[in-house]
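Structure data follow from input-v4.txt (compact mmCIF, C-alpha atoms):
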```
# COMPACT_ATOMS: atom_id res chain seq x y z
CA MET A 1354 12.24 7.98 7.49
CA GLY A 1355 10.12 7.41 10.58
CA VAL A 1356 8.26 9.87 12.76
CA LEU A 1357 9.73 10.74 16.15
CA ARG A 1358 7.19 10.36 18.96
CA SER A 1359 7.10 10.67 22.70
CA THR A 1360 7.23 7.49 24.79
CA GLN A 1361 3.62 7.99 25.87
CA SER A 1362 2.46 8.51 22.29
CA MET A 1363 4.36 5.48 21.09
CA ALA A 1364 2.90 3.29 23.85
CA ALA A 1365 -0.62 4.40 22.96
CA GLU A 1366 0.01 3.69 19.29
CA VAL A 1367 1.40 0.23 20.02
CA GLU A 1368 -1.66 -0.60 22.12
CA GLU A 1369 -4.02 0.55 19.37
CA MET A 1370 -2.09 -1.37 16.70
CA ARG A 1371 -2.21 -4.53 18.83
CA ALA A 1372 -5.96 -4.16 19.37
CA ALA A 1373 -6.66 -3.47 15.69
CA LEU A 1374 -4.66 -6.48 14.53
CA GLN A 1375 -5.78 -8.92 17.20
CA PRO A 1376 -7.58 -11.79 15.45
CA PRO A 1377 -10.54 -13.71 16.85
CA GLY A 1378 -9.22 -16.09 19.48
CA GLY A 1379 -6.62 -13.68 20.88
CA ALA A 1380 -2.88 -13.42 20.33
CA ALA A 1381 -2.51 -17.19 20.19
CA ALA A 1382 -4.31 -17.15 16.85
CA TRP A 1383 -1.19 -15.56 15.35
CA ARG A 1384 0.94 -18.52 16.41
CA TRP A 1385 1.61 -21.18 13.83
CA ARG A 1386 1.51 -24.65 15.33
CA GLY A 1387 2.36 -28.24 14.41
CA ALA A 1388 3.37 -29.00 10.82
CA ALA A 1389 2.59 -25.47 9.63
CA GLY A 1390 4.93 -23.94 12.20
CA ALA A 1391 7.67 -26.46 11.42
CA ALA A 1392 7.34 -25.76 7.70
CA ALA A 1393 7.60 -22.02 8.32
CA ALA A 1394 10.75 -22.51 10.40
CA LYS A 1395 12.28 -24.69 7.70
CA ARG A 1396 11.50 -22.10 5.03
CA GLY A 1397 13.01 -19.34 7.13
CA ALA A 1398 16.18 -21.33 7.73
CA GLY A 1399 16.54 -21.92 4.03
CA ALA A 1400 16.15 -18.21 3.34
CA ASP A 1401 18.86 -17.37 5.86
CA GLU A 1402 21.21 -19.67 3.99
CA GLY A 1403 20.53 -17.85 0.73
CA ALA A 1404 18.45 -20.66 -0.80
CA ALA A 1405 15.24 -19.27 -2.27
CA GLU A 1406 12.05 -20.79 -0.90
CA PRO A 1407 8.83 -20.56 -2.95
CA ARG A 1408 6.83 -19.17 0.00
CA ALA A 1409 9.43 -16.73 1.34
CA VAL A 1410 8.71 -13.05 0.73
CA CYS A 1411 10.04 -9.73 2.01
CA VAL A 1412 7.84 -6.76 2.98
CA THR A 1413 9.26 -3.24 3.20
CA GLY A 1414 7.46 -0.82 5.47
CA GLY A 1415 6.14 -3.80 7.40
CA ILE A 1416 5.43 -1.77 10.55
CA SER A 1417 3.12 0.62 8.66
CA PHE A 1418 -0.68 0.53 8.68
CA LEU A 1419 -0.83 -1.36 5.38
CA GLY A 1420 2.39 -3.28 6.01
CA LEU A 1421 1.16 -5.03 9.14
CA ALA A 1422 -2.17 -5.90 7.51
CA LEU A 1423 -0.25 -7.36 4.57
CA VAL A 1424 1.99 -9.44 6.85
CA ASP A 1425 -1.11 -10.83 8.56
CA ARG A 1426 -2.66 -11.69 5.20
CA LEU A 1427 0.53 -13.35 3.92
CA LEU A 1428 0.79 -15.49 7.06
CA ARG A 1429 -2.80 -16.63 6.61
CA HIS A 1430 -1.95 -17.66 3.06
CA GLY A 1431 0.95 -19.77 4.30
CA TYR A 1432 3.92 -17.54 3.47
CA SER A 1433 6.99 -16.96 5.60
CA VAL A 1434 7.67 -13.24 5.82
CA ARG A 1435 10.82 -11.23 6.22
CA LEU A 1436 10.06 -7.76 7.59
CA ALA A 1437 12.46 -5.06 6.37
CA LEU A 1438 12.50 -2.39 9.08
CA GLU A 1439 14.15 1.01 8.67
CA THR A 1440 14.72 2.19 12.24
CA GLN A 1441 15.36 0.85 15.73
CA GLU A 1442 12.10 2.53 16.73
CA ASP A 1443 10.24 0.30 14.27
CA LEU A 1444 11.89 -2.79 15.76
CA ASP A 1445 11.08 -1.69 19.32
CA LYS A 1446 7.46 -1.07 18.37
CA LEU A 1447 7.17 -4.52 16.80
CA ARG A 1448 8.62 -6.15 19.91
CA GLU A 1449 6.19 -4.28 22.16
CA MET A 1450 3.23 -5.51 20.11
CA ASP A 1451 4.38 -9.12 20.69
CA LEU A 1452 2.27 -10.41 17.81
CA PHE A 1453 4.74 -12.72 16.11
CA GLY A 1454 6.70 -14.23 18.98
CA GLU A 1455 10.46 -14.73 18.77
CA ASN A 1456 12.21 -13.87 15.53
CA GLY A 1457 11.31 -16.60 13.04
CA ARG A 1458 9.12 -18.66 15.34
CA ASP A 1459 5.81 -17.67 13.75
CA GLY A 1460 6.91 -17.37 10.15
CA VAL A 1461 8.08 -13.76 10.55
CA TRP A 1462 11.71 -12.63 10.52
CA THR A 1463 12.98 -9.06 10.91
CA ILE A 1464 15.94 -7.41 9.26
CA MET A 1465 17.13 -3.80 9.28
CA ALA A 1466 17.26 -2.28 5.80
CA ASN A 1467 17.98 1.24 4.60
CA VAL A 1468 15.78 1.88 1.55
CA MET A 1469 18.36 4.39 0.28
CA ASP A 1470 21.16 1.80 0.37
CA PRO A 1471 21.13 -0.79 -2.48
CA GLU A 1472 23.47 -3.15 -0.62
CA SER A 1473 21.24 -3.06 2.45
CA LEU A 1474 18.18 -3.84 0.34
CA HIS A 1475 20.01 -6.69 -1.41
CA ARG A 1476 20.80 -8.31 1.95
CA ALA A 1477 17.17 -7.94 3.02
CA PHE A 1478 15.81 -9.49 -0.18
CA ASP A 1479 18.35 -12.30 -0.54
CA GLY A 1480 16.65 -15.70 -0.17
CA CYS A 1481 13.16 -14.35 -0.88
CA VAL A 1482 11.25 -15.10 -4.09
CA GLY A 1483 8.97 -12.08 -3.86
CA VAL A 1484 9.13 -8.52 -2.56
CA PHE A 1485 6.23 -6.31 -1.47
CA HIS A 1486 7.33 -2.68 -1.44
CA THR A 1487 4.82 -0.88 0.80
CA SER A 1488 7.07 1.64 2.54
CA SER A 1489 6.49 5.33 1.98
CA LEU A 1490 8.26 8.48 3.12
CA VAL A 1491 6.48 10.53 5.77
CA ASP A 1492 6.83 14.09 7.04
CA PRO A 1493 8.88 14.11 10.29
CA GLY A 1494 6.71 17.01 11.45
CA GLY A 1495 3.59 14.94 10.96
CA ILE A 1496 1.60 17.95 9.78
CA SER A 1497 1.63 18.45 6.03
CA GLY A 1498 2.42 14.80 5.41
CA TYR A 1499 4.58 15.41 2.38
CA THR A 1500 6.97 17.90 0.75
CA LYS A 1501 8.31 18.55 -2.74
CA HIS A 1502 11.71 17.16 -1.75
CA MET A 1503 10.14 13.97 -0.43
CA ALA A 1504 8.48 13.38 -3.81
CA THR A 1505 11.94 13.22 -5.38
CA LEU A 1506 13.21 10.92 -2.64
CA GLU A 1507 10.23 8.60 -3.11
CA ALA A 1508 11.11 8.16 -6.78
CA LYS A 1509 14.74 7.46 -5.89
CA VAL A 1510 13.71 4.82 -3.33
CA ALA A 1511 11.45 3.13 -5.88
CA GLU A 1512 14.34 2.87 -8.33
CA GLN A 1513 16.65 1.49 -5.62
CA VAL A 1514 14.12 -1.15 -4.56
CA VAL A 1515 13.57 -2.43 -8.10
CA GLU A 1516 17.30 -2.42 -8.81
CA ALA A 1517 17.87 -4.44 -5.63
CA CYS A 1518 15.18 -6.92 -6.72
CA VAL A 1519 16.86 -7.31 -10.11
CA ARG A 1520 20.27 -7.74 -8.52
CA THR A 1521 19.03 -10.37 -6.02
CA GLU A 1522 19.10 -13.72 -7.79
CA SER A 1523 16.36 -15.30 -5.67
CA VAL A 1524 13.77 -12.55 -6.33
CA ARG A 1525 11.41 -13.22 -9.22
CA LYS A 1526 8.41 -11.00 -8.46
CA CYS A 1527 7.75 -7.58 -6.96
CA VAL A 1528 4.42 -6.05 -5.96
CA PHE A 1529 4.81 -2.28 -5.70
CA THR A 1530 2.33 -0.19 -3.70
CA SER A 1531 1.53 3.01 -5.56
CA SER A 1532 -1.64 5.09 -5.12
CA LEU A 1533 -4.84 5.99 -6.90
CA LEU A 1534 -3.45 9.53 -6.81
CA ALA A 1535 -0.99 8.43 -9.50
CA CYS A 1536 -3.99 8.07 -11.84
CA VAL A 1537 -6.45 10.89 -11.19
CA TRP A 1538 -4.75 14.31 -11.46
CA ARG A 1539 -4.68 15.56 -15.04
CA GLN A 1540 -4.47 18.93 -16.76
CA SER A 1541 -7.25 18.43 -19.28
CA HIS A 1542 -10.75 17.78 -18.00
CA PRO A 1543 -13.71 16.69 -20.11
CA HIS A 1544 -16.41 19.25 -20.63
CA ARG A 1545 -19.96 18.88 -21.84
CA ARG A 1546 -19.71 15.12 -22.00
CA ARG A 1547 -22.91 13.16 -21.87
CA PHE A 1548 -21.30 10.51 -19.64
CA PRO A 1549 -18.38 10.71 -17.18
CA ALA A 1550 -14.93 9.86 -18.50
CA THR A 1551 -13.54 6.58 -17.14
CA VAL A 1552 -10.41 6.62 -14.98
CA ASP A 1553 -8.70 3.23 -15.02
CA GLU A 1554 -5.20 1.73 -15.04
CA SER A 1555 -4.34 3.39 -18.36
CA CYS A 1556 -4.57 6.84 -16.75
CA TRP A 1557 -1.59 8.66 -15.26
CA SER A 1558 -1.52 11.84 -13.19
CA ASP A 1559 0.08 14.81 -14.92
CA GLU A 1560 3.33 15.66 -13.10
CA THR A 1561 3.29 19.26 -14.34
CA PHE A 1562 -0.25 19.73 -13.06
CA CYS A 1563 0.72 18.23 -9.67
CA ARG A 1564 3.64 20.66 -9.38
CA GLU A 1565 1.48 23.64 -10.30
CA LYS A 1566 -1.14 22.71 -7.70
CA LYS A 1567 1.50 21.65 -5.12
CA LEU A 1568 0.03 18.16 -4.93
CA TRP A 1569 3.29 16.72 -3.62
CA PHE A 1570 1.93 13.38 -2.39
CA ALA A 1571 0.32 12.68 -5.75
CA LEU A 1572 3.50 13.81 -7.49
CA GLY A 1573 5.65 11.52 -5.35
CA LYS A 1574 3.46 8.49 -5.98
CA THR A 1575 3.37 9.19 -9.72
CA MET A 1576 7.12 9.71 -9.99
CA ALA A 1577 7.85 6.66 -7.84
CA GLU A 1578 5.65 4.31 -9.84
CA LYS A 1579 7.06 5.53 -13.14
CA ALA A 1580 10.60 5.13 -11.78
CA ALA A 1581 9.79 1.54 -10.78
CA TRP A 1582 8.48 0.70 -14.25
CA ARG A 1583 11.53 2.28 -15.91
CA ALA A 1584 13.91 0.33 -13.67
CA ALA A 1585 12.10 -2.97 -14.36
CA ARG A 1586 11.82 -2.54 -18.13
CA GLY A 1587 13.71 -5.25 -19.99
CA ARG A 1588 14.91 -6.87 -16.77
CA ASP A 1589 14.40 -10.37 -15.40
CA LEU A 1590 11.75 -9.30 -12.88
CA LYS A 1591 7.97 -9.52 -12.87
CA LEU A 1592 6.57 -6.24 -11.60
CA VAL A 1593 2.98 -5.35 -10.75
CA THR A 1594 1.73 -2.15 -9.11
CA VAL A 1595 -1.33 -1.77 -6.88
CA CYS A 1596 -2.90 1.71 -6.78
CA PRO A 1597 -5.12 1.89 -3.67
CA ALA A 1598 -7.45 4.73 -2.80
CA LEU A 1599 -7.26 6.41 0.63
CA VAL A 1600 -6.53 3.48 2.96
CA THR A 1601 -8.85 3.37 5.96
CA GLY A 1602 -9.79 0.89 8.66
CA PRO A 1603 -9.72 0.47 12.46
CA GLY A 1604 -7.28 2.90 14.05
CA PHE A 1605 -6.35 4.65 10.81
CA ARG A 1606 -6.57 8.10 12.43
CA ARG A 1607 -3.63 7.37 14.74
CA ARG A 1608 -1.73 4.90 12.60
CA ASN A 1609 -2.17 6.40 9.15
CA SER A 1610 -3.02 10.06 9.75
CA THR A 1611 0.05 11.62 8.14
CA PRO A 1612 -0.32 10.01 4.68
CA SER A 1613 -4.09 10.34 4.94
CA ILE A 1614 -3.88 14.10 5.43
CA ALA A 1615 -1.41 14.32 2.55
CA TYR A 1616 -3.75 12.22 0.38
CA LEU A 1617 -6.66 14.58 1.03
CA LYS A 1618 -4.95 17.67 -0.38
CA GLY A 1619 -7.23 18.68 -3.23
CA ALA A 1620 -9.97 16.41 -1.88
CA HIS A 1621 -12.75 18.92 -2.61
CA THR A 1622 -11.89 18.77 -6.29
CA MET A 1623 -11.69 14.97 -6.23
CA LEU A 1624 -15.07 14.79 -4.52
CA ALA A 1625 -16.73 17.10 -7.06
CA GLU A 1626 -15.30 15.10 -9.96
CA GLY A 1627 -16.15 11.64 -8.61
CA LEU A 1628 -12.54 10.70 -7.86
CA LEU A 1629 -12.44 10.56 -4.05
CA ALA A 1630 -12.49 6.94 -2.91
CA THR A 1631 -11.48 4.85 0.09
CA ALA A 1632 -10.21 1.30 0.52
CA ASP A 1633 -10.32 -0.81 3.67
CA VAL A 1634 -6.80 -1.80 4.72
CA GLU A 1635 -7.67 -5.50 4.94
CA ARG A 1636 -9.02 -5.51 1.40
CA VAL A 1637 -5.98 -3.66 0.09
CA ALA A 1638 -3.71 -6.22 1.77
CA GLU A 1639 -5.73 -9.08 0.30
CA ALA A 1640 -5.55 -7.49 -3.15
CA HIS A 1641 -1.74 -7.44 -2.89
CA VAL A 1642 -1.64 -11.17 -2.13
CA ARG A 1643 -4.15 -12.03 -4.86
CA VAL A 1644 -2.17 -10.10 -7.45
CA TYR A 1645 1.11 -11.68 -6.31
CA GLU A 1646 -0.29 -15.19 -6.57
CA ALA A 1647 -1.70 -14.50 -10.02
CA MET A 1648 1.61 -13.21 -11.42
CA GLY A 1649 2.75 -16.70 -12.33
CA GLY A 1650 -0.56 -18.40 -13.01
CA ALA A 1651 -2.69 -19.07 -16.06
CA THR A 1652 -4.42 -15.73 -15.57
CA ALA A 1653 -1.04 -14.00 -15.26
CA ALA A 1654 -1.35 -10.66 -13.51
CA GLY A 1655 0.50 -7.75 -15.06
CA GLY A 1656 0.60 -3.98 -15.17
CA ARG A 1657 -1.33 -1.77 -12.77
CA TYR A 1658 -4.36 -2.50 -10.56
CA ILE A 1659 -6.63 0.18 -9.13
CA CYS A 1660 -8.01 -0.82 -5.73
CA TYR A 1661 -10.93 0.80 -3.90
CA ASP A 1662 -14.16 -0.34 -2.28
CA HIS A 1663 -16.09 2.89 -1.80
CA VAL A 1664 -16.45 6.14 -3.75
CA VAL A 1665 -17.25 9.15 -1.59
CA ARG A 1666 -20.15 10.91 -3.33
CA GLN A 1667 -21.82 12.98 -0.60
CA ALA A 1668 -20.44 16.08 1.10
CA GLU A 1669 -21.57 14.68 4.44
CA GLU A 1670 -19.39 11.58 3.92
CA PHE A 1671 -16.37 13.79 3.28
CA VAL A 1672 -17.02 15.83 6.42
CA GLU A 1673 -17.19 12.61 8.44
CA LEU A 1674 -13.91 11.45 6.92
CA GLU A 1675 -12.21 14.68 7.97
CA ARG A 1676 -13.70 14.36 11.44
CA GLN A 1677 -12.31 10.83 11.80
CA LEU A 1678 -8.86 12.17 10.95
CA GLY A 1679 -9.15 14.88 13.59
CA LEU A 1680 -9.32 17.65 11.00
CA ARG A 1681 -11.63 20.63 11.22
CA PRO A 1682 -14.60 19.57 9.07
CA ARG A 1683 -15.37 21.88 6.15
CA MET A 1684 -18.43 21.39 4.01
CA PRO A 1685 -17.17 21.34 0.40
CA PRO A 1686 -18.90 23.78 -1.96
CA ILE A 1687 -20.48 21.38 -4.45
CA PRO A 1688 -23.35 22.49 -6.70
CA ALA A 1689 -26.33 20.25 -5.98
CA ALA A 1690 -26.99 19.39 -9.62
CA ALA A 1691 -23.36 19.08 -10.77
CA PRO A 1692 -22.71 15.57 -12.16
CA PRO A 1693 -19.24 14.06 -11.65
CA SER A 1694 -16.79 14.53 -14.51
CA PHE A 1695 -15.15 11.14 -14.05
CA GLU A 1696 -15.97 7.58 -13.08
CA LEU A 1697 -13.46 5.33 -11.33
CA CYS A 1698 -13.05 1.79 -12.61
CA ASN A 1699 -11.43 -1.18 -10.83
CA ARG A 1700 -12.82 -3.81 -13.18
CA LYS A 1701 -9.35 -5.21 -13.89
CA LEU A 1702 -8.78 -6.18 -10.25
CA ALA A 1703 -12.35 -7.46 -9.92
CA ARG A 1704 -11.83 -9.78 -12.91
CA LEU A 1705 -8.58 -11.11 -11.46
CA VAL A 1706 -10.18 -11.78 -8.08
CA SER A 1707 -13.13 -13.48 -9.75
CA SER A 1708 -10.90 -15.74 -11.84
CA ARG A 1709 -8.83 -16.68 -8.79
CA ARG A 1710 -11.98 -17.68 -6.93
CA ARG A 1711 -12.95 -20.05 -9.72
CA CYS A 1712 -9.59 -21.79 -9.97
CA THR A 1713 -8.55 -22.20 -6.34
CA HIS A 1714 -9.77 -24.02 -3.26
CA ASP A 1715 -8.03 -21.65 -0.83
CA ALA A 1716 -10.22 -19.83 1.69
CA TYR A 1717 -9.95 -16.13 0.95
CA LEU A 1718 -11.31 -13.20 2.85
CA PRO A 1719 -14.45 -12.05 1.00
CA VAL A 1720 -13.78 -8.84 -0.91
CA THR A 1721 -16.47 -6.76 -2.56
CA TYR A 1722 -15.93 -4.33 -5.41
CA ASP A 1723 -18.10 -1.64 -6.88
```
Mind converting the file's structure to C-alpha cells?
Amino acid sequence: MGVLRSTQSMAAEVEEMRAALQPPGGAAAWRWRGAAGAAAAKRGAGADEGAAEPRAVCVTGGISFLGLALVDRLLRHGYSVRLALETQEDLDKLREMDLFGENGRDGVWTIMANVMDPESLHRAFDGCVGVFHTSSLVDPGGISGYTKHMATLEAKVAEQVVEACVRTESVRKCVFTSSLLACVWRQSHPHRRRFPATVDESCWSDETFCREKKLWFALGKTMAEKAAWRAARGRDLKLVTVCPALVTGPGFRRRNSTPSIAYLKGAHTMLAEGLLATADVERVAEAHVRVYEAMGGATAAGGRYICYDHVVRQAEEFVELERQLGLRPRMPPIPAAAPPSFELCNRKLARLVSSRRRCTHDAYLPVTYD
C-alpha cells in the first residue's frame, strides 16, 4: 500500500516531516510527563490486556500527512493512541522521526495491521474505544495518484475496517475520513439559476459520472464512504464521516503530493463551478477530534461533515497551488464574468464546533470557517 522510495528520498522526507510536526519548545514538547505520562502508560497497559479504556483510540494510516497531524491532536487532547501501520517502511520512518519516544512511553503504541485482513484489523482495534480510519491507497508509481482498480480496493478496505470495528467488542465509535470529492461530482448541473446551488452533506458524487470522466480518486472516495455506511447500518457502532477538501499545510508537496495530484484531476471544472477548496491539515485533524468527542454528547454528532477553510476562487490561486505541488502551472480558461454554479457549505461542522466551545473548558486550537 505504501510508496517505495530511495534511501535518500526517505531520509529527506523524514527530516521534513519532523520539522513540520515539531511543536514550539522542541521535541521534548511531545513528551508526556508526570501524572499525564503515568496515566497514558496505565491506559496503554489496559488496552494491551484487552480491557477497553475510554481514552484509547486507534488510528489507521497514522504515518500519513493527515494521520500524524491527527495523532498530535489526539495526544494534546489527552488520548492514548495506537498507530496501525501497514508496512515495515512505515515503522522505520516513524522510528527515524523519534517524535514519540519508546513504544508506549508517550501515549503512542504501534502495531502492524493489514487493512485487507479482517483478523489483523481486529487485533489492532482490540482494547480501543474509538477508531479513526485515515488510511488511503496510493499509486506505487507516484504519478497519477490513483487508478480505477484502486477505487474498488478502497471500497473493500472501508468495508473491512467497519466490519472489524463491529466485530471488536471494545470499539464503540468510528470516524471515517472521506473526501469533499465524494460530494461534488454530479451529472446534472443547474442552469440559469439566480443563485448558486448549495453543496452540503446531503450531496453525493455520481459514480457513473466519475467513471465516464475517469475521476478515479473521487470514485474511490465515494464508493468507500458508501461502503462504510452500508457496513455500519443496523450495527452496534456509531459512525461519522469527515469529508475534507484538498488537505494542505507545511510540507504537503513532499508528504501529500500523490493524493493531492489525484485530487486535482478535473480541478479546472471545480474552480469554474466554485467547488475547489482547501483545508489546512491541522484544522482537519482538529475537526476529526471535535466530531469524535461530540458523538456521545448532548449535541450528538452524526452523519457526514464537510470540512474546508478556503475556497479557491481566482485562477491565480489555482496556478500557485499547482506550482506548490511541483506541477506545470496552467492558467485555467475561466470566463471573467462567469458566476459559480455551486456554493460549498460547511455550516454543519461550524455549528458543532461552536456548540462544543460553549459547553467545554478544554483549550482547543482556534479554527475558522467560511
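Going from CA of Asp1470 in chain A to CA of Ala1580 in chain A covers 16.4 Å.
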With only C-alpha atoms as the counted atoms, please give the residues lying no more than 8 Å from Ser1488 in chain A, apart from itself and same-chain residues fewer than 2 positions off, as a compact mmCIF listing (two decimals) with C-alpha atoms, in the coordinates of the input.
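The new file around.txt reads:
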```txt
# COMPACT_ATOMS: atom_id res chain seq x y z
CA THR A 1413 9.26 -3.24 3.20
CA GLY A 1414 7.46 -0.82 5.47
CA GLY A 1415 6.14 -3.80 7.40
CA SER A 1417 3.12 0.62 8.66
CA GLY A 1420 2.39 -3.28 6.01
CA HIS A 1486 7.33 -2.68 -1.44
CA LEU A 1490 8.26 8.48 3.12
```
Note to self: I'd like the contact shell of range 1510-1512 of chain A - 7 Å cut-off, all atoms listed in the file, skipping same-chain residues fewer than 5 positions apart - returned as a PyMOL selection string.
What the structure shows: chain A and resi 1468-1469+1577+1580-1581+1584
Please identify all polymer residues within 7 Å of Trp1538 in chain A, counting only C-alpha atoms, omitting same-chain residues fewer than 4 positions from it, and present them as a PDB file with C-alpha atoms, keeping the file's coordinate frame.
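This went into selection00.pdb:
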```
ATOM      1  CA  LEU A1534      -3.450   9.530  -6.810  1.00  0.00           C
ATOM      2  CA  SER A1558      -1.520  11.840 -13.190  1.00  0.00           C
ATOM      3  CA  ASP A1559       0.080  14.810 -14.920  1.00  0.00           C
ATOM      4  CA  CYS A1563       0.720  18.230  -9.670  1.00  0.00           C
TER       5      CYS A1563
END
```
Margin query: At a cut-off of 7 Å, using only C-alpha atoms, what residues contact range 1422-1439 of chain A? Leave out same-chain residues fewer than 6 positions from it and give the result as a list in words.
Written below: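 My reading of the contact set: Ala1393, Arg1396, Gly1397, Arg1408, Ala1409, Val1410, Cys1411, Val1412, Thr1413, Gly1414, Gly1415, Gly1460, Val1461, Trp1462, Thr1463, Ile1464, Met1465, Ala1466, Asn1467, Ala1477, Val1634, Glu1635, Ala1638, Glu1639 and Val1642 of chain A.
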Just to be explicit: take each residue in the selection above, keep C-alpha atoms, and write the result as a short mmCIF file (atom, residue, chain, number, x, y, z; two decimals), in the coordinates of the input.
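New file part-v4.cif:
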```
data_model
loop_
_atom_site.label_atom_id
_atom_site.label_comp_id
_atom_site.auth_asym_id
_atom_site.auth_seq_id
_atom_site.Cartn_x
_atom_site.Cartn_y
_atom_site.Cartn_z
CA ALA A 1393 7.60 -22.02 8.32
CA ARG A 1396 11.50 -22.10 5.03
CA GLY A 1397 13.01 -19.34 7.13
CA ARG A 1408 6.83 -19.17 0.00
CA ALA A 1409 9.43 -16.73 1.34
CA VAL A 1410 8.71 -13.05 0.73
CA CYS A 1411 10.04 -9.73 2.01
CA VAL A 1412 7.84 -6.76 2.98
CA THR A 1413 9.26 -3.24 3.20
CA GLY A 1414 7.46 -0.82 5.47
CA GLY A 1415 6.14 -3.80 7.40
CA GLY A 1460 6.91 -17.37 10.15
CA VAL A 1461 8.08 -13.76 10.55
CA TRP A 1462 11.71 -12.63 10.52
CA THR A 1463 12.98 -9.06 10.91
CA ILE A 1464 15.94 -7.41 9.26
CA MET A 1465 17.13 -3.80 9.28
CA ALA A 1466 17.26 -2.28 5.80
CA ASN A 1467 17.98 1.24 4.60
CA ALA A 1477 17.17 -7.94 3.02
CA VAL A 1634 -6.80 -1.80 4.72
CA GLU A 1635 -7.67 -5.50 4.94
CA ALA A 1638 -3.71 -6.22 1.77
CA GLU A 1639 -5.73 -9.08 0.30
CA VAL A 1642 -1.64 -11.17 -2.13
#
```
Next item on the list: Tell me which protein, DNA and RNA residues are within 12 Å of Val1665 in chain A, counting all atoms listed in the file, leaving out same-chain ones fewer than 5 positions away, and put them as number ranges by chain.
Entry: A: 1598-1599, 1620-1632, 1670-1674, 1693, 1696-1697
Those residues you just picked out, can you put them in a file as a PDB file, keeping the file's coordinate frame with C-alpha atoms?
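Final output, result20.pdb:
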```pdb
ATOM      1  CA  ALA A1598      -7.450   4.730  -2.800  1.00  0.00           C
ATOM      2  CA  LEU A1599      -7.260   6.410   0.630  1.00  0.00           C
ATOM      3  CA  ALA A1620      -9.970  16.410  -1.880  1.00  0.00           C
ATOM      4  CA  HIS A1621     -12.750  18.920  -2.610  1.00  0.00           C
ATOM      5  CA  THR A1622     -11.890  18.770  -6.290  1.00  0.00           C
ATOM      6  CA  MET A1623     -11.690  14.970  -6.230  1.00  0.00           C
ATOM      7  CA  LEU A1624     -15.070  14.790  -4.520  1.00  0.00           C
ATOM      8  CA  ALA A1625     -16.730  17.100  -7.060  1.00  0.00           C
ATOM      9  CA  GLU A1626     -15.300  15.100  -9.960  1.00  0.00           C
ATOM     10  CA  GLY A1627     -16.150  11.640  -8.610  1.00  0.00           C
ATOM     11  CA  LEU A1628     -12.540  10.700  -7.860  1.00  0.00           C
ATOM     12  CA  LEU A1629     -12.440  10.560  -4.050  1.00  0.00           C
ATOM     13  CA  ALA A1630     -12.490   6.940  -2.910  1.00  0.00           C
ATOM     14  CA  THR A1631     -11.480   4.850   0.090  1.00  0.00           C
ATOM     15  CA  ALA A1632     -10.210   1.300   0.520  1.00  0.00           C
ATOM     16  CA  GLU A1670     -19.390  11.580   3.920  1.00  0.00           C
ATOM     17  CA  PHE A1671     -16.370  13.790   3.280  1.00  0.00           C
ATOM     18  CA  VAL A1672     -17.020  15.830   6.420  1.00  0.00           C
ATOM     19  CA  GLU A1673     -17.190  12.610   8.440  1.00  0.00           C
ATOM     20  CA  LEU A1674     -13.910  11.450   6.920  1.00  0.00           C
ATOM     21  CA  PRO A1693     -19.240  14.060 -11.650  1.00  0.00           C
ATOM     22  CA  GLU A1696     -15.970   7.580 -13.080  1.00  0.00           C
ATOM     23  CA  LEU A1697     -13.460   5.330 -11.330  1.00  0.00           C
TER      24      LEU A1697
END
```
Note to self: Nearest residue to Thr1551 in chain A out of A:Val1537, A:Arg1525, A:Thr1440, A:Leu1568, using only C-alpha atoms?
What the structure shows: A:Val1537
Margin query: Ranking A:Trp1557, A:Ala1508, A:Phe1418, A:Ser1707 by minimum distance to Arg1607 in chain A and counting all atoms listed in the file, which one comes first?
Written below: A:Phe1418
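Between CA of Ala1653 in chain A and CA of Leu1705 in chain A the separation is 8.9 Å.
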Note to self: Can you measure CA of Gly1573 in chain A to CA of Gln1667 in chain A for me? One decimal in Å is fine.
What the structure shows: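 Answer for the CA of Gly1573 in chain A to CA of Gln1667 in chain A separation: 27.9 Å.
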Note to self: Using only C-alpha atoms for the distances, tell me which of A:Ser1473, A:Thr1575, A:Gln1677, A:Thr1594 is nearest to Arg1606 in chain A.
What the structure shows: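 Checking each of A:Ser1473, A:Thr1575, A:Gln1677, A:Thr1594 against Arg1606 in chain A, counting only C-alpha atoms, the winner is A:Gln1677.
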Item checked: Of the listed residues A:Leu1421, A:Ala1571, A:Leu1506, A:Val1519, that which approaches Ala1585 in chain A most closely, counting all atoms listed in the file -> A:Val1519
Next item on the list: May I ask which of the residues A:Ser1613, A:Thr1487, A:Thr1601, A:Thr1500 is the closest one to Val1528 in chain A, counting all atoms listed in the file?
Entry: A:Thr1487
Check: Which residue, A:Ala1703, A:Met1503, A:Val1593, A:Val1552, has the smallest gap to Thr1530 in chain A when you use all atoms listed in the file?
Finding: A:Val1593
